[in-house]
Amino acid sequence: MSVRPRLGVFKFASCDGCQLSLLSVEDELLEIAARLEIVYFLEASSHYEPGPYDVALVEGSITTREDEQRIREIREQTRFLITIGACATAGGIQALRNWADCDEFVRAVYPSPQYISTLSTSTAIADHVPVDFELRGCPINTRQLIEVISSLLKGCRPRTPVHSVCLDCKRRGNVCITVAQGIPCMGPITQSGCGALCPTYDRGCYGCYGPARQPNPQSLTDQLVSQGASTKELIPLLRNFNSNAPEFRRESDRLEGHRTDE
Amino acid sequence: MNPASCGTPAANPWLAFPVQITGITDETPGVSTYELQLTDAEVARNYRFQPGQFNMLYLPGVGEAAISLSGQSESGDRLRHTVRLAGNVTHSLAGLGVGGRFGLRGPFGTPWPMEECRGRDVVAVAGGLGLAPLRPAIDAILNAPDEYGQLTILYGARTPEHLLFEQVYPDWRQNGAVVNVTVDRSLPGWQGHVGVVPLLVDRMQLPDPENTVFLICGPDVMMKYTVSSALNRGVPAERIWINMERNMNCAVGLCGHCQYGPEFICKDGPVLRYDRVQPMLRVEDL
Amino acid sequence: MDRQERFLETDRLQTLIDVLTDAGYQVVGPTIEQEAIIYDEITSVDDLPRGWTETQEPGQYRLQQRDDEAYFGYTVGPHSWKQFLFPPVATVATAERTDSGWEMRTPDEPPPQYAFLGVRACEIAAIEVQDRTFLHGPYVDPIYRDRRDRALIIAVNCTQAASTCFCTSMNTGPRCRSGFDLALTETADGFVVEAGSDAGGRILEQLPTREPEATDLTAAETARQQAVDQITRRMDTTDIRNLLLDNLQHPRWDEVATRCLSCTNCTMVCPTCFCSSVKEVSDLKGDEITRERQWDSCFNFDFSYMNGGVVRNDIRSRYRQWLTHKLASWHDQFDVSGCVGCGRCISWCPVGIDLTEEVAAIRADAHQPEEQP
């Protein structure tokens with residue numbers, strides 16, 4: 001390859017965990033560096049170059065006016081923009097502010113709140129600019145990240161599965177923990193990607209990869225309620241890393257309207 | 001219709017044979033014909049296909065795509081596949097160029113009913129890229145004119161520049177075929193029909209409908225209306241054959257993807273007699 | 001063959017596992033894992049779920065202690081023998097880049113030689129249903145064939161039934177009639193054993209059995225009858241193929257779609273579902289490729305993907321595809337029902353959808369087919 005595609009890695013409101021996933025691929029990182037020219041990756045190197053970028057990996061959500069502007073600039077300079085992680089694809093855990101009084105948070109957290117300028121919402125990158133591909137997860141799965149990069153290097157459109165966690169869970173030979181133990185699990189409405197990590201260790205899935213394609217959250221929560229779960233217990237399952245993903249948001253709002261346990 | 005008798009099923013259906021691109025012909029915007037040579041001499045010697053069958057073209061690391069055979073070279077040892085740029089496999093294929101090497105599994109699926117066509121008038125109706133799977137049947141009929149009745153080819157494309165194999169229509173006519181072409185949208189200089197394919201069926205000469213075989217290949221909607229037109233003209237349902245497309249993954253009836261009611265399109269089709277699928281065509285999302 | 005019955009005392013069961021192991025088999029049998037009785041490799045009778053049973057309801061499975069020491073006093077759990085004959089993930093082919101193109105191969109390592117211990121009548125029926133898919137069509141699946149050819153089936157007759165069982169409606173059980181190498185019926189004192197094949201007979205000869213007493217045979221018959229008596233769930237299969245295919249627009253499909261999660265659990269636990277997809281697994285350079293076949297499901301959104309979109313683009317059409325395939329078009333394809341009445345899809349549906357209830361609802365308000373002109 002005469003000219004290596006130029007890669008930029010950008011951070012918005014996030015914990016940096018997804019960028020770290022890229023650094024932690026180790027075995028393949030040298031290979032990636034050999035095939036892509038990493039020109040912007042502040043987490044890895046203080047050297048950086050201006051755009052244009054062939055590929056941008058964008059981590060984090062939009063929570064400030066400045067970020068609203070910065071993502072537009074990155075978009076303009078980027079050919080293929082990939083958002084990585086629940087913050088970038090759904091607003092992240094910080095989207096819980098969308099249900100709360102943000103000013104009150106700021107006053108509670110910062111000694112000098114007057115220096116803080118923030119939006120009252122945390123939203124996905126795709127709510128602001130067109131996105132070419134979304135890689136879900138909190139954090140993202142490094143295997144999937146490699147597959148996405150490898151697809152792009154081959155000139156292919158990346159594809160990751162959109163089915164439920166249950167399929168991966170049963171391929172592993174797991175027993176359904178909801179059916180056998182009555183543990184509330186978001187697996188049936190959550191997109192695969194983690195390899196059904198939590199149910200494998202008898203923990204209910206808490207939706208790190210966001211809604212599966214065409215999920216049916218109401219049927220699941222109706223069933224869990226009929227088996228004794230409280231809406232108080234279910235709302236937090238829908239409201240964590242992907243709380244602002246539309247299908248999860250609608251269902252948690254619906255449950256809130258039907259709270260019976262307070 | 002035993003697929004085992006249609007081709008040369010490998011001992012292991014998952015084994016791909018190596019092929020090399022020996023020629024690429026650009027046909028219409030986004031559509032090219034790839035001429036492929038099986039590079040293993042023994043495989044090449046044993047490989048036989050029938051009109052209407054398909055191969056799985058396998059680009060290692062990218063995946064497979066089901067592509068109908070659109071013909072073979074004069075010498076018979078090079079297989080033609082007419083491909084539209086659509087997904088990752090076809091884009092990767094386009095990136096290879098002449099000399100490129102990859103894999104092929106096949107041939108698979110049911111062929112056009114050439115026996116049924118023998119001694120009868122044949123109407124080949126195609127929409128868009130649907131002419132490609134029909135081409136080996138057209139060639140077979142025109143190569144043995146004494147064995148078949150009148151061949152009529154009715155073909156529709158989006159615009160005049162999307163007409164596939166346009167350079168051979170004069171030869172087809174020369175060899176006795178009636179070739180009638182229509183486009184959805186005209187371009188300057190176009191003097192032919194404008195309109196959908198089934199209209200050509202409504203207007204065509206059909207002296208002996210009871211003894212005419214229809215071979216149809218195109219998008220689902222086009223096939224549905226073409227069938228209606230043929231039935232209206234008095235063609236019996238059991239003389240109408242359609243070539244269906246569904247998601248083929250294994251191509252050998254083991255993976256379930258291509259099911260259409262009781263049919264596995266990969267092994268019971270892609271060529272199916274209309275009366276067999278008639279009840280299903282009325283149901284959406286089947 | 002005149003089937004001779006022998007009796008194996010309870011405390012000699014370990015010899016069966018030992019004989020199988022010595023004969024080169026990898027013994028797979030029931031064991032407790034994640035609060036359920038699953039199938040896994042076992043080496044000792046201590047691995048078996050002795051003294052355990054379960055209760056099952058739509059969407060619910062609970063392990064329970066028995067008041068006796070029965071080894072096989074449970075019905076069927078979330079696993080089936082499908083995961084050993086048709087593994088959830090298997091390599092179907094490999095490709096390696098060479099100087100002159102690609103070296104493409106199919107795997108040729110011999111698979112494990114399994115002895116399945118504790119196969120129930122409905123499960124034998126399920127294996128025979130999958131035989132039709134993988135072995136008896138124009139194309140044979142080499143992965144399934146190699147495992148199936150070498151496998152030994154040691155059946156166990158059910159002595160109780162779960163509330164979700166309906167094998168009697170599907171004519172698959174509860175008694176094992178054929179398709180096994182050995183069949184056991186457990187009584188309080190041991191096992192009545194019969195051989196169903198030469199291979200089974202050779203194993204039987206090596207076991208420290210005795211002639212069964214009349215009381216042993218009566219006890220076995222009573223135990224088997226108990227299973228029959230406990231089966232309460234029914235599915236009316238009268239003309240079921242046409243019933244479903246004539247009612248593809250029945251309002252019940254819309255209703256069930258409001259409950260169905262399209263999560264794939266029913267298809268994963270079903271012992272006859274066979275859908276799969278092949279995935280390319282590649283190193284970053286793209287020089288070493290493995291083609292991996294994975295279990296897939298008609299409930300997956302993109303399972304019916306074609307250029308231009310998916311064919312079954314809502315839960316209604318996907319549930320309808322599953323149920324009509326299982327109970328109707330399976331007959332056209334394989335000359336048998338795709339359902340063996342094991343009830344797994346009822347228990348393991350997270351929202352407890354019960355196919356027998358769905359069929360009954362359609363039947364109760366069925367559209368009569370129009371007379372064809």
# chains A, B, ... in the order shown; residues from 1 in each chain; ligands from 1
>>> interface_residues(of="chain B", to="chain A", cutoff="12 Å", atoms="only C-alpha atoms", output="number ranges by chain")
B: 59-63, 86-96
>>> write_last_selection(atoms="C-alpha atoms", output="PDB file, in the first residue's frame")
ATOM      1  CA  LEU B  59     -13.653 -14.081  -1.331  1.00  0.00           C
ATOM      2  CA  PRO B  60     -11.599 -15.355   1.621  1.00  0.00           C
ATOM      3  CA  GLY B  61     -11.925 -13.071   4.611  1.00  0.00           C
ATOM      4  CA  VAL B  62     -14.848 -11.216   3.056  1.00  0.00           C
ATOM      5  CA  GLY B  63     -17.526 -13.836   2.507  1.00  0.00           C
ATOM      6  CA  ALA B  86     -23.857  -4.452  -4.173  1.00  0.00           C
ATOM      7  CA  GLY B  87     -22.185  -5.652  -0.995  1.00  0.00           C
ATOM      8  CA  ASN B  88     -18.743  -6.387   0.361  1.00  0.00           C
ATOM      9  CA  VAL B  89     -18.152  -9.517  -1.746  1.00  0.00           C
ATOM     10  CA  THR B  90     -18.956  -7.890  -5.068  1.00  0.00           C
ATOM     11  CA  HIS B  91     -16.940  -4.781  -4.204  1.00  0.00           C
ATOM     12  CA  SER B  92     -13.935  -6.896  -3.225  1.00  0.00           C
ATOM     13  CA  LEU B  93     -14.344  -8.877  -6.432  1.00  0.00           C
ATOM     14  CA  ALA B  94     -14.296  -5.643  -8.404  1.00  0.00           C
ATOM     15  CA  GLY B  95     -11.064  -4.723  -6.643  1.00  0.00           C
ATOM     16  CA  LEU B  96      -9.267  -7.885  -7.808  1.00  0.00           C
TER      17      LEU B  96
END
>>> interface_residues(of="chain A", to="chain C", cutoff="6 Å", atoms="only C-alpha atoms", output="number ranges by chain")
A: 150, 163-164, 171, 179-180, 188, 216, 219, 223
>>> interface_residues(of="chain B", to="chain C", cutoff="8 Å", atoms="only C-alpha atoms", output="ChimeraX atom specification")
/B:2-4,9,12-18,60-63,86-87,101-103,246-247,249-250,252-258,261-263,283,285-286
>>> write_last_selection(atoms="N, CA and C atoms", output="short mmCIF file (atom, residue, chain, number, x, y, z; two decimals), in the first residue's frame")
data_model
loop_
_atom_site.label_atom_id
_atom_site.label_comp_id
_atom_site.auth_asym_id
_atom_site.auth_seq_id
_atom_site.Cartn_x
_atom_site.Cartn_y
_atom_site.Cartn_z
N ASN B 2 -33.45 -33.54 -8.61
CA ASN B 2 -32.45 -33.86 -7.61
C ASN B 2 -31.18 -33.08 -7.92
N PRO B 3 -30.82 -32.12 -7.05
CA PRO B 3 -29.66 -31.30 -7.35
C PRO B 3 -28.41 -32.14 -7.58
N ALA B 4 -28.37 -33.31 -6.95
CA ALA B 4 -27.18 -34.14 -7.12
C ALA B 4 -26.98 -34.49 -8.58
N PRO B 9 -21.73 -32.25 -7.09
CA PRO B 9 -21.58 -31.88 -5.69
C PRO B 9 -20.29 -32.44 -5.12
N ASN B 12 -17.40 -32.78 0.06
CA ASN B 12 -17.67 -31.89 1.18
C ASN B 12 -18.23 -30.58 0.61
N PRO B 13 -19.52 -30.29 0.91
CA PRO B 13 -20.12 -29.11 0.26
C PRO B 13 -19.48 -27.80 0.68
N TRP B 14 -18.67 -27.82 1.73
CA TRP B 14 -18.04 -26.57 2.19
C TRP B 14 -16.72 -26.30 1.47
N LEU B 15 -16.25 -27.25 0.68
CA LEU B 15 -14.95 -27.07 0.03
C LEU B 15 -15.08 -26.15 -1.18
N ALA B 16 -14.29 -25.08 -1.18
CA ALA B 16 -14.30 -24.15 -2.31
C ALA B 16 -13.17 -24.52 -3.27
N PHE B 17 -13.47 -24.37 -4.57
CA PHE B 17 -12.45 -24.63 -5.58
C PHE B 17 -11.75 -23.33 -5.95
N PRO B 18 -10.43 -23.36 -6.17
CA PRO B 18 -9.74 -22.12 -6.55
C PRO B 18 -10.07 -21.70 -7.99
N PRO B 60 -12.05 -15.02 0.27
CA PRO B 60 -11.60 -15.36 1.62
C PRO B 60 -11.44 -14.11 2.49
N GLY B 61 -12.01 -14.18 3.68
CA GLY B 61 -11.93 -13.07 4.61
C GLY B 61 -13.06 -12.07 4.44
N VAL B 62 -13.75 -12.16 3.31
CA VAL B 62 -14.85 -11.22 3.06
C VAL B 62 -16.18 -11.95 3.15
N GLY B 63 -16.29 -13.06 2.45
CA GLY B 63 -17.53 -13.84 2.51
C GLY B 63 -17.90 -14.38 1.14
N ALA B 86 -22.80 -4.61 -5.16
CA ALA B 86 -23.86 -4.45 -4.17
C ALA B 86 -23.27 -4.44 -2.76
N GLY B 87 -22.69 -5.55 -2.37
CA GLY B 87 -22.19 -5.65 -1.00
C GLY B 87 -20.67 -5.81 -0.99
N ARG B 101 -7.34 -14.06 -7.79
CA ARG B 101 -7.68 -15.44 -7.42
C ARG B 101 -8.56 -15.47 -6.18
N PHE B 102 -9.52 -16.35 -6.20
CA PHE B 102 -10.38 -16.54 -5.03
C PHE B 102 -10.98 -17.93 -5.09
N GLY B 103 -12.18 -18.13 -4.54
CA GLY B 103 -12.75 -19.48 -4.47
C GLY B 103 -14.16 -19.54 -5.02
N ARG B 246 -33.25 -15.31 -2.77
CA ARG B 246 -33.34 -15.18 -1.32
C ARG B 246 -31.92 -15.20 -0.78
N ASN B 247 -31.78 -14.94 0.53
CA ASN B 247 -30.46 -14.94 1.15
C ASN B 247 -29.90 -16.36 1.17
N ASN B 249 -26.91 -18.77 2.11
CA ASN B 249 -25.72 -18.76 2.96
C ASN B 249 -24.91 -20.03 2.74
N CYS B 250 -25.54 -21.20 2.86
CA CYS B 250 -24.78 -22.44 2.67
C CYS B 250 -24.92 -22.96 1.25
N VAL B 252 -26.71 -25.28 0.18
CA VAL B 252 -26.98 -26.71 0.07
C VAL B 252 -28.13 -27.17 0.98
N GLY B 253 -28.98 -26.23 1.39
CA GLY B 253 -30.17 -26.62 2.14
C GLY B 253 -29.92 -26.98 3.59
N LEU B 254 -28.81 -26.54 4.14
CA LEU B 254 -28.49 -26.91 5.52
C LEU B 254 -28.61 -25.76 6.51
N CYS B 255 -28.67 -24.51 6.04
CA CYS B 255 -28.55 -23.39 6.99
C CYS B 255 -29.86 -22.68 7.26
N GLY B 256 -30.88 -22.87 6.43
CA GLY B 256 -32.20 -22.31 6.71
C GLY B 256 -32.45 -20.89 6.22
N HIS B 257 -31.42 -20.17 5.81
CA HIS B 257 -31.61 -18.75 5.48
C HIS B 257 -32.59 -18.49 4.34
N CYS B 258 -32.56 -19.32 3.30
CA CYS B 258 -33.26 -18.96 2.07
C CYS B 258 -34.66 -19.55 2.01
N GLY B 261 -41.56 -20.36 2.51
CA GLY B 261 -42.51 -21.42 2.78
C GLY B 261 -41.75 -22.72 2.89
N PRO B 262 -42.23 -23.79 2.26
CA PRO B 262 -41.53 -25.06 2.37
C PRO B 262 -40.28 -25.17 1.48
N GLU B 263 -40.04 -24.18 0.64
CA GLU B 263 -38.93 -24.31 -0.31
C GLU B 263 -37.63 -23.78 0.28
N VAL B 283 -48.60 -13.76 0.08
CA VAL B 283 -48.37 -13.36 1.47
C VAL B 283 -47.11 -12.50 1.56
N ASP B 285 -43.92 -10.74 3.52
CA ASP B 285 -42.95 -11.06 4.59
C ASP B 285 -42.78 -12.55 4.86
N LEU B 286 -43.00 -13.40 3.87
CA LEU B 286 -42.94 -14.82 4.17
C LEU B 286 -41.50 -15.31 4.26
#
>>> atom_distance(atom1="atom CA of Val359 of chain C", atom2="atom CA of Val165 of chain A")
28.1 Å
>>> residues_around(residues="segment 130-144 of chain B", least_positions_apart="2", cutoff="8 Å", atoms="only C-alpha atoms", output="PyMOL selection string")
chain B and resi 50-53+68-71+81-82+112+114+124-128+146-148+151+155+164+172+175-177+215+217-219
>>> residues_around(residues="segment 196-201 of chain C", least_positions_apart="6", cutoff="6 Å", atoms="only C-alpha atoms", output="PyMOL selection string")
chain C and resi 180-182
>>> write_last_selection(atoms="C-alpha atoms", output="mmCIF file, in the first residue's frame")
data_model
loop_
_atom_site.group_PDB
_atom_site.id
_atom_site.type_symbol
_atom_site.label_atom_id
_atom_site.label_comp_id
_atom_site.auth_asym_id
_atom_site.auth_seq_id
_atom_site.Cartn_x
_atom_site.Cartn_y
_atom_site.Cartn_z
ATOM 1 C CA PHE C 180 -30.961 -46.392 20.781
ATOM 2 C CA ASP C 181 -28.016 -48.659 21.439
ATOM 3 C CA LEU C 182 -28.988 -49.303 25.045
#
>>> select_by_dssp(residues="segment 22-264 of chain B", states="alpha helix (DSSP H)", output="number ranges by chain")
B: 41-46, 88-96, 114-117, 131-143, 169-174, 197-203, 220-232
>>> residues_around(residues="Glu256 of chain A", least_positions_apart="2", cutoff="10 Å", atoms="only C-alpha atoms", output="list in words")
Thr231, Lys232, Leu234, Ile235, Arg250, Glu251, Ser252, Asp253, Arg254, His258, Arg259 and Thr260 of chain A
>>> write_last_selection(atoms="N, CA and C atoms", output="PDB file, in the first residue's frame")
ATOM      1  N   THR A 231     -40.737  -2.137  39.533  1.00  0.00           N
ATOM      2  CA  THR A 231     -40.321  -1.164  38.523  1.00  0.00           C
ATOM      3  C   THR A 231     -39.116  -0.392  39.036  1.00  0.00           C
ATOM      4  N   LYS A 232     -39.020  -0.227  40.339  1.00  0.00           N
ATOM      5  CA  LYS A 232     -37.896   0.480  40.943  1.00  0.00           C
ATOM      6  C   LYS A 232     -36.573  -0.224  40.621  1.00  0.00           C
ATOM      7  N   LEU A 234     -36.278  -2.291  37.933  1.00  0.00           N
ATOM      8  CA  LEU A 234     -36.119  -2.428  36.477  1.00  0.00           C
ATOM      9  C   LEU A 234     -35.665  -1.132  35.807  1.00  0.00           C
ATOM     10  N   ILE A 235     -36.137   0.002  36.319  1.00  0.00           N
ATOM     11  CA  ILE A 235     -35.773   1.268  35.672  1.00  0.00           C
ATOM     12  C   ILE A 235     -34.248   1.449  35.620  1.00  0.00           C
ATOM     13  N   ARG A 250     -37.598   5.037  26.042  1.00  0.00           N
ATOM     14  CA  ARG A 250     -39.065   4.983  26.005  1.00  0.00           C
ATOM     15  C   ARG A 250     -39.603   4.015  27.056  1.00  0.00           C
ATOM     16  N   GLU A 251     -38.925   2.868  27.197  1.00  0.00           N
ATOM     17  CA  GLU A 251     -39.437   1.877  28.137  1.00  0.00           C
ATOM     18  C   GLU A 251     -39.228   2.331  29.580  1.00  0.00           C
ATOM     19  N   SER A 252     -38.097   2.939  29.887  1.00  0.00           N
ATOM     20  CA  SER A 252     -37.899   3.380  31.274  1.00  0.00           C
ATOM     21  C   SER A 252     -38.875   4.507  31.598  1.00  0.00           C
ATOM     22  N   ASP A 253     -39.162   5.369  30.623  1.00  0.00           N
ATOM     23  CA  ASP A 253     -40.153   6.434  30.850  1.00  0.00           C
ATOM     24  C   ASP A 253     -41.538   5.830  31.067  1.00  0.00           C
ATOM     25  N   ARG A 254     -41.847   4.796  30.290  1.00  0.00           N
ATOM     26  CA  ARG A 254     -43.152   4.152  30.438  1.00  0.00           C
ATOM     27  C   ARG A 254     -43.282   3.541  31.834  1.00  0.00           C
ATOM     28  N   HIS A 258     -45.660   4.195  35.434  1.00  0.00           N
ATOM     29  CA  HIS A 258     -46.457   3.135  36.068  1.00  0.00           C
ATOM     30  C   HIS A 258     -45.846   2.672  37.378  1.00  0.00           C
ATOM     31  N   ARG A 259     -45.079   3.521  38.010  1.00  0.00           N
ATOM     32  CA  ARG A 259     -44.416   3.064  39.236  1.00  0.00           C
ATOM     33  C   ARG A 259     -45.443   2.728  40.295  1.00  0.00           C
ATOM     34  N   THR A 260     -45.247   1.535  40.877  1.00  0.00           N
ATOM     35  CA  THR A 260     -46.231   1.055  41.845  1.00  0.00           C
ATOM     36  C   THR A 260     -45.605   0.872  43.208  1.00  0.00           C
TER      37      THR A 260
END
>>> select_by_dssp(residues="segment 22-214 of chain A", states="strand (DSSP E or B)", output="list in words")
Glu37, Ile38, Val39, Tyr40, Phe41, Tyr53, Asp54, Val55, Ala56, Leu57, Val58, Glu59, Ser61, Ile62, Thr78, Arg79, Phe80, Leu81, Ile82, Thr83, Ile84, Thr123, Phe133, Glu134, Leu135, Ser164, Thr190, Gln191 and Pro211 of chain A
>>> residues_around(residues="Arg97 of chain A", least_positions_apart="6", cutoff="12 Å", atoms="only C-alpha atoms", output="list in words")
Thr63, Gly91, Asp103, Glu104, Phe105, Val106, Thr118, Leu119, Ser120, Thr121, Ser122, Thr123, Arg239, Asn240, Phe241, Ser243 and Asn244 of chain A
>>> residues_around(residues="Ala188 of chain C", least_positions_apart="4", cutoff="9 Å", atoms="only C-alpha atoms", output="list of chain:residue names")
C:Thr10, C:Asp68, C:Glu69, C:Ala70, C:Ala219
